[in-house]
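One file, data_17.cif, carrying mmCIF, C-alpha atoms:
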```cif
data_start
#
loop_
_atom_site.group_PDB
_atom_site.id
_atom_site.type_symbol
_atom_site.label_atom_id
_atom_site.label_comp_id
_atom_site.auth_asym_id
_atom_site.auth_seq_id
_atom_site.Cartn_x
_atom_site.Cartn_y
_atom_site.Cartn_z
ATOM 1 C CA SER R 1 -159.248 -238.895 -37.735
ATOM 2 C CA SER R 2 -159.380 -240.450 -34.281
ATOM 3 C CA GLY R 3 -155.749 -239.634 -33.546
ATOM 4 C CA ILE R 4 -155.007 -243.290 -32.803
ATOM 5 C CA ASN R 5 -152.072 -244.850 -34.638
ATOM 6 C CA ALA R 6 -153.395 -248.051 -36.227
ATOM 7 C CA GLU R 7 -149.918 -249.626 -36.047
ATOM 8 C CA TRP R 8 -149.775 -249.284 -32.264
ATOM 9 C CA PRO R 9 -151.502 -252.349 -30.814
ATOM 10 C CA LEU R 10 -152.340 -250.819 -27.410
ATOM 11 C CA ARG R 11 -154.496 -247.827 -26.610
ATOM 12 C CA PRO R 12 -154.582 -245.743 -23.470
ATOM 13 C CA GLY R 13 -157.028 -246.756 -20.766
ATOM 14 C CA ILE R 14 -160.198 -244.764 -20.317
ATOM 15 C CA GLU R 15 -162.453 -245.078 -17.315
ATOM 16 C CA GLY R 16 -165.744 -243.665 -16.184
ATOM 17 C CA ILE R 17 -169.225 -244.724 -15.186
ATOM 18 C CA LEU R 18 -170.691 -243.944 -18.614
ATOM 19 C CA VAL R 19 -167.770 -244.886 -20.845
ATOM 20 C CA LEU R 20 -169.561 -247.976 -22.235
ATOM 21 C CA TYR R 21 -172.744 -245.996 -22.893
ATOM 22 C CA ILE R 22 -171.425 -244.396 -26.091
ATOM 23 C CA LYS R 23 -171.265 -246.873 -28.978
ATOM 24 C CA GLU R 24 -168.513 -244.956 -30.805
ATOM 25 C CA LEU R 25 -166.270 -245.144 -27.733
ATOM 26 C CA ARG R 26 -166.959 -248.847 -27.169
ATOM 27 C CA SER R 27 -165.737 -249.643 -30.668
ATOM 28 C CA LEU R 28 -162.321 -248.146 -29.853
ATOM 29 C CA PHE R 29 -161.590 -250.370 -26.850
ATOM 30 C CA ASP R 30 -159.469 -253.495 -26.957
ATOM 31 C CA ILE R 31 -161.028 -254.725 -23.730
ATOM 32 C CA LYS R 32 -164.104 -253.448 -21.923
ATOM 33 C CA LEU R 33 -164.411 -253.912 -18.163
ATOM 34 C CA PHE R 34 -167.431 -253.390 -15.933
ATOM 35 C CA VAL R 35 -166.635 -253.150 -12.233
ATOM 36 C CA ASP R 36 -169.753 -254.381 -10.469
ATOM 37 C CA THR R 37 -170.243 -253.372 -6.851
ATOM 38 C CA ASP R 38 -173.138 -254.304 -4.596
ATOM 39 C CA SER R 39 -175.788 -251.568 -4.315
ATOM 40 C CA ASP R 40 -175.461 -251.464 -0.518
ATOM 41 C CA THR R 41 -171.725 -250.883 -0.882
ATOM 42 C CA ARG R 42 -172.308 -248.101 -3.417
ATOM 43 C CA LEU R 43 -174.784 -246.417 -1.074
ATOM 44 C CA SER R 44 -172.590 -246.713 2.022
ATOM 45 C CA ARG R 45 -169.580 -245.297 0.171
ATOM 46 C CA ARG R 46 -171.638 -242.361 -1.063
ATOM 47 C CA VAL R 47 -173.105 -241.662 2.380
ATOM 48 C CA GLN R 48 -169.663 -241.739 3.971
ATOM 49 C CA ARG R 49 -168.097 -239.525 1.280
ATOM 50 C CA ASP R 50 -170.898 -236.965 1.203
ATOM 51 C CA ILE R 51 -171.096 -236.615 4.978
ATOM 52 C CA GLU R 52 -167.344 -236.608 5.681
ATOM 53 C CA SER R 53 -165.960 -234.791 2.638
ATOM 54 C CA ARG R 54 -168.862 -232.634 1.546
ATOM 55 C CA GLY R 55 -170.470 -231.836 4.886
ATOM 56 C CA ARG R 56 -173.935 -233.013 3.871
ATOM 57 C CA LYS R 57 -176.587 -234.339 6.226
ATOM 58 C CA LEU R 58 -177.649 -238.001 6.066
ATOM 59 C CA GLU R 59 -181.243 -237.152 5.103
ATOM 60 C CA THR R 60 -180.046 -235.003 2.171
ATOM 61 C CA VAL R 61 -177.672 -237.711 0.951
ATOM 62 C CA LEU R 62 -180.355 -240.406 1.090
ATOM 63 C CA THR R 63 -182.932 -238.209 -0.657
ATOM 64 C CA GLN R 64 -180.485 -237.360 -3.453
ATOM 65 C CA TYR R 65 -179.467 -241.009 -3.785
ATOM 66 C CA THR R 66 -182.995 -242.419 -4.015
ATOM 67 C CA THR R 67 -184.324 -239.578 -6.183
ATOM 68 C CA PHE R 68 -181.487 -239.090 -8.670
ATOM 69 C CA VAL R 69 -178.402 -241.266 -8.240
ATOM 70 C CA LYS R 70 -179.929 -244.766 -8.052
ATOM 71 C CA PRO R 71 -182.484 -244.215 -10.852
ATOM 72 C CA ALA R 72 -179.781 -242.719 -13.118
ATOM 73 C CA PHE R 73 -177.459 -245.652 -12.392
ATOM 74 C CA GLU R 74 -180.202 -248.140 -13.227
ATOM 75 C CA GLU R 75 -181.185 -246.324 -16.414
ATOM 76 C CA PHE R 76 -177.776 -245.432 -17.843
ATOM 77 C CA CYS R 77 -174.923 -247.321 -16.153
ATOM 78 C CA LEU R 78 -176.287 -250.763 -15.365
ATOM 79 C CA PRO R 79 -177.489 -251.503 -18.928
ATOM 80 C CA THR R 80 -173.930 -250.959 -20.232
ATOM 81 C CA LYS R 81 -172.820 -254.051 -18.313
ATOM 82 C CA LYS R 82 -173.911 -256.134 -21.325
ATOM 83 C CA TYR R 83 -171.193 -254.490 -23.454
ATOM 84 C CA ALA R 84 -168.350 -255.502 -21.135
ATOM 85 C CA ASP R 85 -165.900 -258.212 -22.111
ATOM 86 C CA VAL R 86 -165.175 -258.819 -18.434
ATOM 87 C CA ILE R 87 -167.441 -258.136 -15.476
ATOM 88 C CA ILE R 88 -165.581 -257.817 -12.191
ATOM 89 C CA PRO R 89 -167.881 -258.707 -9.303
ATOM 90 C CA ARG R 90 -167.122 -257.225 -5.851
ATOM 91 C CA GLY R 91 -165.115 -254.369 -7.382
ATOM 92 C CA GLY R 92 -161.617 -253.749 -6.057
ATOM 93 C CA GLU R 93 -161.968 -256.524 -3.485
ATOM 94 C CA ASN R 94 -161.842 -259.142 -6.251
ATOM 95 C CA LYS R 95 -158.095 -259.790 -6.257
ATOM 96 C CA VAL R 96 -158.381 -262.827 -8.552
ATOM 97 C CA ALA R 97 -160.154 -260.898 -11.325
ATOM 98 C CA ILE R 98 -157.783 -257.958 -10.977
ATOM 99 C CA GLY R 99 -154.795 -260.296 -11.109
ATOM 100 C CA LEU R 100 -156.076 -261.890 -14.321
ATOM 101 C CA ILE R 101 -156.587 -258.497 -15.936
ATOM 102 C CA VAL R 102 -153.123 -257.309 -14.849
ATOM 103 C CA GLN R 103 -151.616 -260.484 -16.313
ATOM 104 C CA HIS R 104 -153.478 -260.009 -19.602
ATOM 105 C CA ILE R 105 -152.298 -256.405 -19.919
ATOM 106 C CA THR R 106 -148.768 -257.465 -18.969
ATOM 107 C CA ASP R 107 -148.812 -260.102 -21.706
ATOM 108 C CA LEU R 108 -149.952 -257.480 -24.216
ATOM 109 C CA LEU R 109 -147.242 -255.041 -23.116
ATOM 110 C CA ASN R 110 -144.563 -257.729 -23.336
ATOM 111 C CA HIS R 111 -145.484 -258.279 -26.993
ATOM 112 C CA VAL R 112 -145.658 -254.676 -28.206
ATOM 113 C CA PRO R 113 -143.664 -254.164 -31.434
ATOM 114 C CA MET R 114 -140.773 -251.745 -31.042
ATOM 115 C CA ILE R 115 -141.378 -248.337 -32.628
ATOM 116 C CA ASN R 116 -139.947 -247.907 -36.170
ATOM 117 C CA THR R 117 -138.373 -251.387 -36.280
ATOM 118 C CA GLY R 118 -141.249 -253.832 -36.408
ATOM 119 C CA ARG R 119 -139.244 -256.132 -34.097
ATOM 120 C CA ARG R 120 -140.789 -257.620 -31.007
ATOM 121 C CA ARG R 121 -139.718 -256.368 -27.615
ATOM 122 C CA LYS R 122 -137.668 -258.881 -25.666
ATOM 123 C CA ARG R 123 -139.116 -260.025 -22.405
ATOM 124 C CA SER R 124 -137.508 -258.463 -19.388
ATOM 125 C CA SER R 125 -135.731 -260.762 -16.966
ATOM 126 C CA ARG R 126 -138.183 -259.591 -14.307
ATOM 127 C CA LYS R 127 -141.886 -259.948 -14.829
ATOM 128 C CA LEU R 128 -143.683 -256.712 -15.569
ATOM 129 C CA SER R 129 -146.643 -257.837 -13.484
ATOM 130 C CA ASN R 130 -144.488 -257.675 -10.353
ATOM 131 C CA THR R 131 -144.129 -253.928 -10.849
ATOM 132 C CA LEU R 132 -147.894 -253.406 -11.093
ATOM 133 C CA HIS R 133 -148.854 -254.530 -7.582
#
```

Just dump the structure as structure tokens.
Amino acid sequence: SSGINAEWPLRPGIEGILVLYIKELRSLFDIKLFVDTDSDTRLSRRVQRDIESRGRKLETVLTQYTTFVKPAFEEFCLPTKKYADVIIPRGGENKVAIGLIVQHITDLLNHVPMINTGRRRKRSSRKLSNTLH
């Protein structure tokens, strides 16, 4: 048993860089997102994080990135992009894509059947999406 109630139309969100890699997990998702970020942005974020937060030297960070991180991303993460229902270019900077996804989830939440009654939830007088920003 997966522990997921088949009567409940929404499932909890799961995130991670390899979450689309496992076929059995992919089959459980209602919507699959791939957040695509430019490789230069990924590298600069890693350099900044590893130097500032982890006290590493630039040479060490770059060696680790080119030897392990980038090849692993290209072999395992990037190919999972083809399994995504929605690909979000420019990552968190893409306000339009994020807004569309928030609206879609809001629409789903506004139509969730009430537990034990089978009735539909009434829409709130305020939009749920306003509370998500």

Taking only residues of region 74-116 of chain R that have an atom at most 12 Å from an atom of region 52-70 of chain R, what is each one's shortest atom pair and its distance in Å to one decimal, using all atoms listed in the file, in chain and number order, as a Markdown table?
```
| residue | atom | partner | partner_atom | distance |
| --- | --- | --- | --- | --- |
| R:Glu74 | CA | R:Lys70 | CA | 6.2 |
| R:Glu75 | CA | R:Lys70 | CA | 8.6 |
| R:Phe76 | CA | R:Lys70 | CA | 10.0 |
| R:Cys77 | CA | R:Lys70 | CA | 9.9 |
| R:Leu78 | CA | R:Lys70 | CA | 10.1 |
```

Writing out the chosen residues with C-alpha atoms as a compact mmCIF listing (two decimals), in the coordinates of the input:
```txt
# COMPACT_ATOMS: atom_id res chain seq x y z
CA GLU R 74 -180.20 -248.14 -13.23
CA GLU R 75 -181.18 -246.32 -16.41
CA PHE R 76 -177.78 -245.43 -17.84
CA CYS R 77 -174.92 -247.32 -16.15
CA LEU R 78 -176.29 -250.76 -15.36
```

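Counting from CA of Thr37 (chain R), the distance to CA of Ile17 (chain R) is 12.1 Å.
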
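Among R:Ile22, R:Ile105, R:Asp38, R:Leu100, the residue with the shortest atom-to-atom distance to Thr80 (chain R), counting only C-alpha atoms, is R:Ile22.
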
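Coordinates place CA of Leu18 (chain R) at a distance of 19.1 Å from CA of Thr41 (chain R).
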
Exercise for review: Run through the PyMOL selection byres ((chain R and resi 86) around 12) on the given coordinates and return the selected residues as a VMD selection string.
Suggested key: chain R and resid 30 to 36 80 to 85 87 to 89 91 97 to 98 100 to 101 104

Exercise for review: Go ahead and compute the interatomic distance for CA of Gly13 (chain R) and CA of Leu28 (chain R), in Å to one decimal.
Suggested key: 10.6 Å
